[in-house]
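What follows is the content of query_31.pdb, which has PDB, C-alpha atoms, pLDDT in the B column:
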```
ATOM      1  CA  MET S   6     -21.709 -10.596   9.784  1.00 68.00           C
ATOM      2  CA  LYS S   7     -24.483  -9.796   7.340  1.00 76.00           C
ATOM      3  CA  TYR S   8     -26.026  -6.343   7.314  1.00 74.00           C
ATOM      4  CA  TRP S   9     -29.637  -5.787   6.361  1.00 78.00           C
ATOM      5  CA  ARG S  10     -29.030  -2.168   5.277  1.00 84.00           C
ATOM      6  CA  LYS S  11     -26.796  -1.029   2.444  1.00 82.00           C
ATOM      7  CA  PRO S  12     -25.762   2.468   1.337  1.00 80.00           C
ATOM      8  CA  LEU S  13     -27.821   3.824  -1.548  1.00 85.00           C
ATOM      9  CA  ASP S  14     -24.719   4.505  -3.632  1.00 85.00           C
ATOM     10  CA  LEU S  15     -23.030   1.158  -2.930  1.00 81.00           C
ATOM     11  CA  GLU S  16     -22.468   0.340  -6.614  1.00 85.00           C
ATOM     12  CA  ASN S  17     -20.822   3.760  -7.180  1.00 87.00           C
ATOM     13  CA  ILE S  18     -18.277   3.388  -4.375  1.00 82.00           C
ATOM     14  CA  LYS S  19     -14.979   1.738  -5.233  1.00 82.00           C
ATOM     15  CA  ALA S  20     -12.901   0.342  -2.400  1.00 80.00           C
ATOM     16  CA  SER S  21      -9.445   1.846  -2.193  1.00 86.00           C
ATOM     17  CA  ARG S  22      -6.663  -0.641  -2.834  1.00 92.00           C
ATOM     18  CA  GLY S  23      -3.011  -0.137  -2.051  1.00 94.00           C
ATOM     19  CA  LYS S  24       0.441  -1.478  -2.701  1.00 95.00           C
ATOM     20  CA  VAL S  25       2.789  -1.744   0.255  1.00 95.00           C
ATOM     21  CA  VAL S  26       6.395  -0.670  -0.332  1.00 96.00           C
ATOM     22  CA  ILE S  27       9.055  -1.683   2.205  1.00 96.00           C
ATOM     23  CA  ILE S  28      12.480  -0.038   2.287  1.00 96.00           C
ATOM     24  CA  GLU S  29      14.333  -3.041   3.662  1.00 95.00           C
ATOM     25  CA  ASP S  30      17.657  -1.301   4.341  1.00 95.00           C
ATOM     26  CA  ARG S  31      15.917   1.210   6.612  1.00 96.00           C
ATOM     27  CA  CYS S  32      13.870  -1.349   8.597  1.00 96.00           C
ATOM     28  CA  LYS S  33      14.965  -2.361  12.103  1.00 95.00           C
ATOM     29  CA  GLY S  34      12.504  -5.249  12.433  1.00 95.00           C
ATOM     30  CA  CYS S  35      10.339  -3.891  15.251  1.00 96.00           C
ATOM     31  CA  GLY S  36       7.225  -5.586  13.840  1.00 95.00           C
ATOM     32  CA  PHE S  37       4.771  -2.769  14.585  1.00 97.00           C
ATOM     33  CA  CYS S  38       3.523  -2.786  10.988  1.00 96.00           C
ATOM     34  CA  VAL S  39       2.922  -6.538  11.089  1.00 96.00           C
ATOM     35  CA  GLU S  40       1.242  -6.537  14.488  1.00 96.00           C
ATOM     36  CA  TYR S  41      -1.132  -3.626  13.916  1.00 96.00           C
ATOM     37  CA  CYS S  42      -2.077  -4.049  10.249  1.00 95.00           C
ATOM     38  CA  PRO S  43      -5.899  -4.128  10.291  1.00 94.00           C
ATOM     39  CA  ARG S  44      -6.059  -6.474   7.276  1.00 94.00           C
ATOM     40  CA  ASP S  45      -3.101  -8.785   8.074  1.00 94.00           C
ATOM     41  CA  VAL S  46      -1.301  -7.921   4.851  1.00 95.00           C
ATOM     42  CA  LEU S  47       2.208  -8.292   6.335  1.00 96.00           C
ATOM     43  CA  CYS S  48       4.251 -10.967   8.096  1.00 96.00           C
ATOM     44  CA  MET S  49       7.834 -11.099   9.332  1.00 96.00           C
ATOM     45  CA  SER S  50      10.097 -12.762   6.774  1.00 95.00           C
ATOM     46  CA  GLN S  51      13.041 -15.038   7.471  1.00 95.00           C
ATOM     47  CA  ALA S  52      15.363 -12.922   5.307  1.00 93.00           C
ATOM     48  CA  PHE S  53      17.806 -10.459   6.856  1.00 94.00           C
ATOM     49  CA  ASN S  54      18.471  -6.910   5.722  1.00 94.00           C
ATOM     50  CA  VAL S  55      21.838  -5.101   5.659  1.00 94.00           C
ATOM     51  CA  LYS S  56      21.562  -4.271   9.386  1.00 93.00           C
ATOM     52  CA  GLY S  57      20.859  -7.905  10.300  1.00 95.00           C
ATOM     53  CA  TYR S  58      17.161  -7.539  11.138  1.00 96.00           C
ATOM     54  CA  HIS S  59      14.234  -9.597   9.902  1.00 95.00           C
ATOM     55  CA  THR S  60      12.109  -7.414   7.647  1.00 96.00           C
ATOM     56  CA  PRO S  61       8.366  -7.588   7.001  1.00 96.00           C
ATOM     57  CA  ALA S  62       7.057  -9.193   3.833  1.00 96.00           C
ATOM     58  CA  VAL S  63       3.765  -8.778   2.022  1.00 95.00           C
ATOM     59  CA  ILE S  64       1.527 -11.853   2.279  1.00 95.00           C
ATOM     60  CA  ASP S  65      -1.532 -10.821   0.274  1.00 93.00           C
ATOM     61  CA  GLU S  66      -1.401  -7.415  -1.379  1.00 92.00           C
ATOM     62  CA  SER S  67      -5.022  -7.679  -2.527  1.00 91.00           C
ATOM     63  CA  LYS S  68      -6.151  -7.233   1.093  1.00 93.00           C
ATOM     64  CA  CYS S  69      -4.480  -3.812   1.453  1.00 94.00           C
ATOM     65  CA  VAL S  70      -6.996  -0.974   1.693  1.00 92.00           C
ATOM     66  CA  ASN S  71      -4.339   1.780   1.640  1.00 93.00           C
ATOM     67  CA  CYS S  72      -5.093   2.991   5.170  1.00 94.00           C
ATOM     68  CA  HIS S  73      -1.471   4.200   5.695  1.00 95.00           C
ATOM     69  CA  PHE S  74      -1.508   2.848   9.262  1.00 95.00           C
ATOM     70  CA  CYS S  75       1.788   1.034   8.709  1.00 95.00           C
ATOM     71  CA  GLU S  76       3.359   4.376   7.717  1.00 96.00           C
ATOM     72  CA  ALA S  77       2.104   6.076  10.856  1.00 96.00           C
ATOM     73  CA  LEU S  78       3.479   3.363  13.148  1.00 96.00           C
ATOM     74  CA  CYS S  79       6.913   2.845  11.611  1.00 97.00           C
ATOM     75  CA  PRO S  80       9.566   4.627  13.722  1.00 96.00           C
ATOM     76  CA  GLU S  81      12.137   4.361  10.915  1.00 96.00           C
ATOM     77  CA  PHE S  82       9.853   5.471   8.026  1.00 96.00           C
ATOM     78  CA  ALA S  83      10.723   2.220   6.262  1.00 97.00           C
ATOM     79  CA  ILE S  84       7.259   1.386   4.934  1.00 97.00           C
ATOM     80  CA  TYR S  85       4.595   3.187   2.981  1.00 96.00           C
ATOM     81  CA  SER S  86       1.627   2.385   0.792  1.00 94.00           C
ATOM     82  CA  ILE S  87       0.515   3.877  -2.473  1.00 95.00           C
ATOM     83  CA  GLU S  88      -2.794   3.750  -4.305  1.00 92.00           C
ATOM     84  CA  ALA S  89      -2.834   0.638  -6.469  1.00 85.00           C
ATOM     85  CA  ASN S  90      -4.403   2.369  -9.454  1.00 77.00           C
ATOM     86  CA  GLU S  91      -1.763   5.157  -9.390  1.00 60.00           C
ATOM     87  CA  MET S  92       0.744   2.702 -10.801  1.00 53.00           C
ATOM     88  CA  THR S  93      -1.482   1.070 -13.420  1.00 51.00           C
ATOM     89  CA  GLU S  94      -3.474   4.128 -14.445  1.00 50.00           C
ATOM     90  CA  ASP S  95      -2.244   5.425 -17.755  1.00 49.00           C
ATOM     91  CA  LYS S  96      -4.164   8.227 -19.399  1.00 47.00           C
ATOM     92  CA  PRO S  97      -4.678   7.524 -23.110  1.00 48.00           C
ATOM     93  CA  GLY S  98      -4.135  10.305 -25.610  1.00 44.00           C
ATOM     94  CA  ARG S  99      -1.707  12.259 -23.451  1.00 43.00           C
ATOM     95  CA  ALA S 100       1.999  12.135 -24.093  1.00 43.00           C
ATOM     96  CA  ARG S 101       4.472  13.210 -21.450  1.00 44.00           C
ATOM     97  CA  GLY S 102       5.775  16.724 -21.764  1.00 46.00           C
ATOM     98  CA  LYS S 103       2.962  17.898 -24.048  1.00 47.00           C
ATOM     99  CA  ASP S 104      -0.112  19.959 -23.344  1.00 50.00           C
ATOM    100  CA  LYS S 105      -3.711  19.074 -24.237  1.00 50.00           C
ATOM    101  CA  ARG S 106      -3.271  20.190 -27.856  1.00 54.00           C
ATOM    102  CA  GLY S 107      -0.219  17.951 -28.355  1.00 55.00           C
ATOM    103  CA  LYS S 108       2.301  20.799 -28.427  1.00 54.00           C
ATOM    104  CA  ALA S 109       5.466  20.728 -26.384  1.00 52.00           C
TER     105      ALA S 109
END
```
Encoded form (structure tokens):
Amino acid sequence: MKYWRKPLDLENIKASRGKVVIIEDRCKGCGFCVEYCPRDVLCMSQAFNVKGYHTPAVIDESKCVNCHFCEALCPEFAIYSIEANEMTEDKPGRARGKDKRGKA
């Protein structure tokens, strides 16, 4: 579908991207996350976890918009998503454990 109107600040808006993390040992294979994912990021894998259930697997992580819907649906709290740039974002000039002036 092509829209004829666009927001005025379209070039300033960055789409949120996420990374899905699955705690396989906690999953019971209900499939809610796979069924209701709005972007079809997940599918059920053929692998078994410790409990003997099929766990979800990430198909295409680039489609994830970090909506956290999978987290809300999971009855076992076995899945969550994090902001993709939280993991790759590294602030230059700041060392861990030091303040802005470089003192510990």
Query raised in the report: Once you count only C-alpha atoms, which residues end up no further than 10 Å from (-8.0, -4.3, -1.7) in the file's frame, shown as number ranges by chain?
Result: S: 19-24, 44, 65-71, 88-89
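Proximity to Asp45 (chain S) was assessed for S:Ala83, S:Leu15, S:Ile64, S:Cys32 counting all atoms listed in the file; the smallest distance is recorded for S:Ile64.
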Requested in this report: Tell me, as JSON, numbers by chain, which residues lie within 9 Å of Thr60 (chain S), counting all atoms listed in the file; anything in the same chain fewer than 3 positions away does not count.
Outcome: {"S": [27, 29, 30, 32, 33, 34, 35, 36, 48, 49, 50, 51, 52, 53, 54]}
**Report entry** Close residues, Phe74 (chain S) itself excluded, 9 Å, all atoms listed in the file, min 5 positions apart in chain, as a list in words
**Finding:** Cys38, Tyr41, Cys42, Pro43, Cys79 and Tyr85 of chain S
Report task. One decimal, Å: what's the distance from CA of Asp14 (chain S) over to CA of Cys75 (chain S), could you say? Result ->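 Computed distance, CA of Asp14 (chain S) to CA of Cys75 (chain S), equals 29.4 Å.
Minimum distance to Glu40 (chain S) across S:Pro61, S:Ser86, S:His73, S:Pro12 (counting all atoms listed in the file) occurs at S:Pro61.
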Kindly list the centre and edge lengths in Å, rounded to one decimal, for the axis-aligned box that covers all listed atoms of region 51-62 of chain S plus 4 Å on each of its six sides, as JSON.
```
{"center_x": 14.4, "center_y": -9.7, "center_z": 7.5, "size_x": 22.8, "size_y": 18.8, "size_z": 15.3}
```
Query - Length of the CA of Val63 (chain S) to CA of Asn17 (chain S) vector [Å] - result: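 Distance reported for this atom pair: 29.1 Å.
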Query raised in the report: Pick from S:Val46, S:Ala62, S:Val39, S:Ile28: nearest to Glu81 (chain S), with all atoms listed in the file counted?
Result: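 Under the stated criterion, the closest residue is S:Ile28.
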Query - Nearest to Lys56 (chain S) by atom-to-atom distance, counting only C-alpha atoms, from S:Val26, S:Ile84, S:Asn90, S:Arg31 - result: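 Among the listed residues, the smallest separation from Lys56 (chain S) belongs to S:Arg31.
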Query - Atomic distance CA of Glu16 (chain S) - CA of Leu47 (chain S), expressed in Å with one decimal - result: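 Separation between CA of Glu16 (chain S) and CA of Leu47 (chain S): 29.2 Å.
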Can you put N, CA and C atoms back into region 61-91 of chain S and show it as a compact mmCIF listing (two decimals), keeping the file's coordinate frame?
```txt
# COMPACT_ATOMS: atom_id res chain seq x y z
N PRO S 61 9.70 -7.11 7.33
CA PRO S 61 8.37 -7.59 7.00
C PRO S 61 8.27 -7.95 5.52
N ALA S 62 7.32 -8.81 5.21
CA ALA S 62 7.06 -9.19 3.83
C ALA S 62 5.56 -9.12 3.60
N VAL S 63 5.18 -8.87 2.38
CA VAL S 63 3.76 -8.78 2.02
C VAL S 63 3.22 -10.18 1.77
N ILE S 64 2.15 -10.55 2.47
CA ILE S 64 1.53 -11.85 2.28
C ILE S 64 0.53 -11.79 1.13
N ASP S 65 -0.45 -10.92 1.26
CA ASP S 65 -1.53 -10.82 0.27
C ASP S 65 -1.82 -9.35 0.01
N GLU S 66 -1.27 -8.84 -1.06
CA GLU S 66 -1.40 -7.42 -1.38
C GLU S 66 -2.83 -7.03 -1.74
N SER S 67 -3.64 -7.99 -2.16
CA SER S 67 -5.02 -7.68 -2.53
C SER S 67 -5.88 -7.28 -1.32
N LYS S 68 -5.42 -7.60 -0.12
CA LYS S 68 -6.15 -7.23 1.09
C LYS S 68 -5.91 -5.78 1.52
N CYS S 69 -4.86 -5.16 1.02
CA CYS S 69 -4.48 -3.81 1.45
C CYS S 69 -5.53 -2.79 1.02
N VAL S 70 -6.00 -2.00 1.98
CA VAL S 70 -7.00 -0.97 1.69
C VAL S 70 -6.38 0.43 1.71
N ASN S 71 -5.07 0.51 1.71
CA ASN S 71 -4.34 1.78 1.64
C ASN S 71 -4.70 2.72 2.80
N CYS S 72 -4.73 2.18 4.00
CA CYS S 72 -5.09 2.99 5.17
C CYS S 72 -3.92 3.81 5.70
N HIS S 73 -2.70 3.50 5.29
CA HIS S 73 -1.47 4.20 5.70
C HIS S 73 -1.15 4.03 7.19
N PHE S 74 -1.76 3.05 7.84
CA PHE S 74 -1.51 2.85 9.26
C PHE S 74 -0.09 2.35 9.49
N CYS S 75 0.41 1.52 8.58
CA CYS S 75 1.79 1.03 8.71
C CYS S 75 2.78 2.20 8.65
N GLU S 76 2.49 3.19 7.81
CA GLU S 76 3.36 4.38 7.72
C GLU S 76 3.38 5.15 9.03
N ALA S 77 2.21 5.30 9.62
CA ALA S 77 2.10 6.08 10.86
C ALA S 77 2.83 5.41 12.02
N LEU S 78 2.86 4.09 12.04
CA LEU S 78 3.48 3.36 13.15
C LEU S 78 4.99 3.18 13.03
N CYS S 79 5.50 3.18 11.82
CA CYS S 79 6.91 2.84 11.61
C CYS S 79 7.83 3.94 12.16
N PRO S 80 8.66 3.62 13.15
CA PRO S 80 9.57 4.63 13.72
C PRO S 80 10.73 4.98 12.79
N GLU S 81 11.01 4.14 11.82
CA GLU S 81 12.14 4.36 10.92
C GLU S 81 11.70 4.84 9.53
N PHE S 82 10.40 5.05 9.32
CA PHE S 82 9.85 5.47 8.03
C PHE S 82 10.29 4.53 6.91
N ALA S 83 10.24 3.23 7.20
CA ALA S 83 10.72 2.22 6.26
C ALA S 83 9.61 1.58 5.46
N ILE S 84 8.38 2.00 5.65
CA ILE S 84 7.26 1.39 4.93
C ILE S 84 6.25 2.46 4.56
N TYR S 85 5.67 2.29 3.40
CA TYR S 85 4.60 3.19 2.98
C TYR S 85 3.71 2.45 1.99
N SER S 86 2.54 3.00 1.76
CA SER S 86 1.63 2.38 0.79
C SER S 86 1.19 3.44 -0.21
N ILE S 87 0.97 2.99 -1.41
CA ILE S 87 0.52 3.88 -2.47
C ILE S 87 -0.76 3.31 -3.07
N GLU S 88 -1.55 4.17 -3.66
CA GLU S 88 -2.79 3.75 -4.30
C GLU S 88 -2.47 2.79 -5.43
N ALA S 89 -3.14 1.67 -5.48
CA ALA S 89 -2.83 0.64 -6.47
C ALA S 89 -3.09 1.12 -7.89
N ASN S 90 -4.12 1.93 -8.10
CA ASN S 90 -4.40 2.37 -9.45
C ASN S 90 -3.52 3.53 -9.89
N GLU S 91 -2.72 4.12 -9.00
CA GLU S 91 -1.76 5.16 -9.39
C GLU S 91 -0.68 4.57 -10.28
```
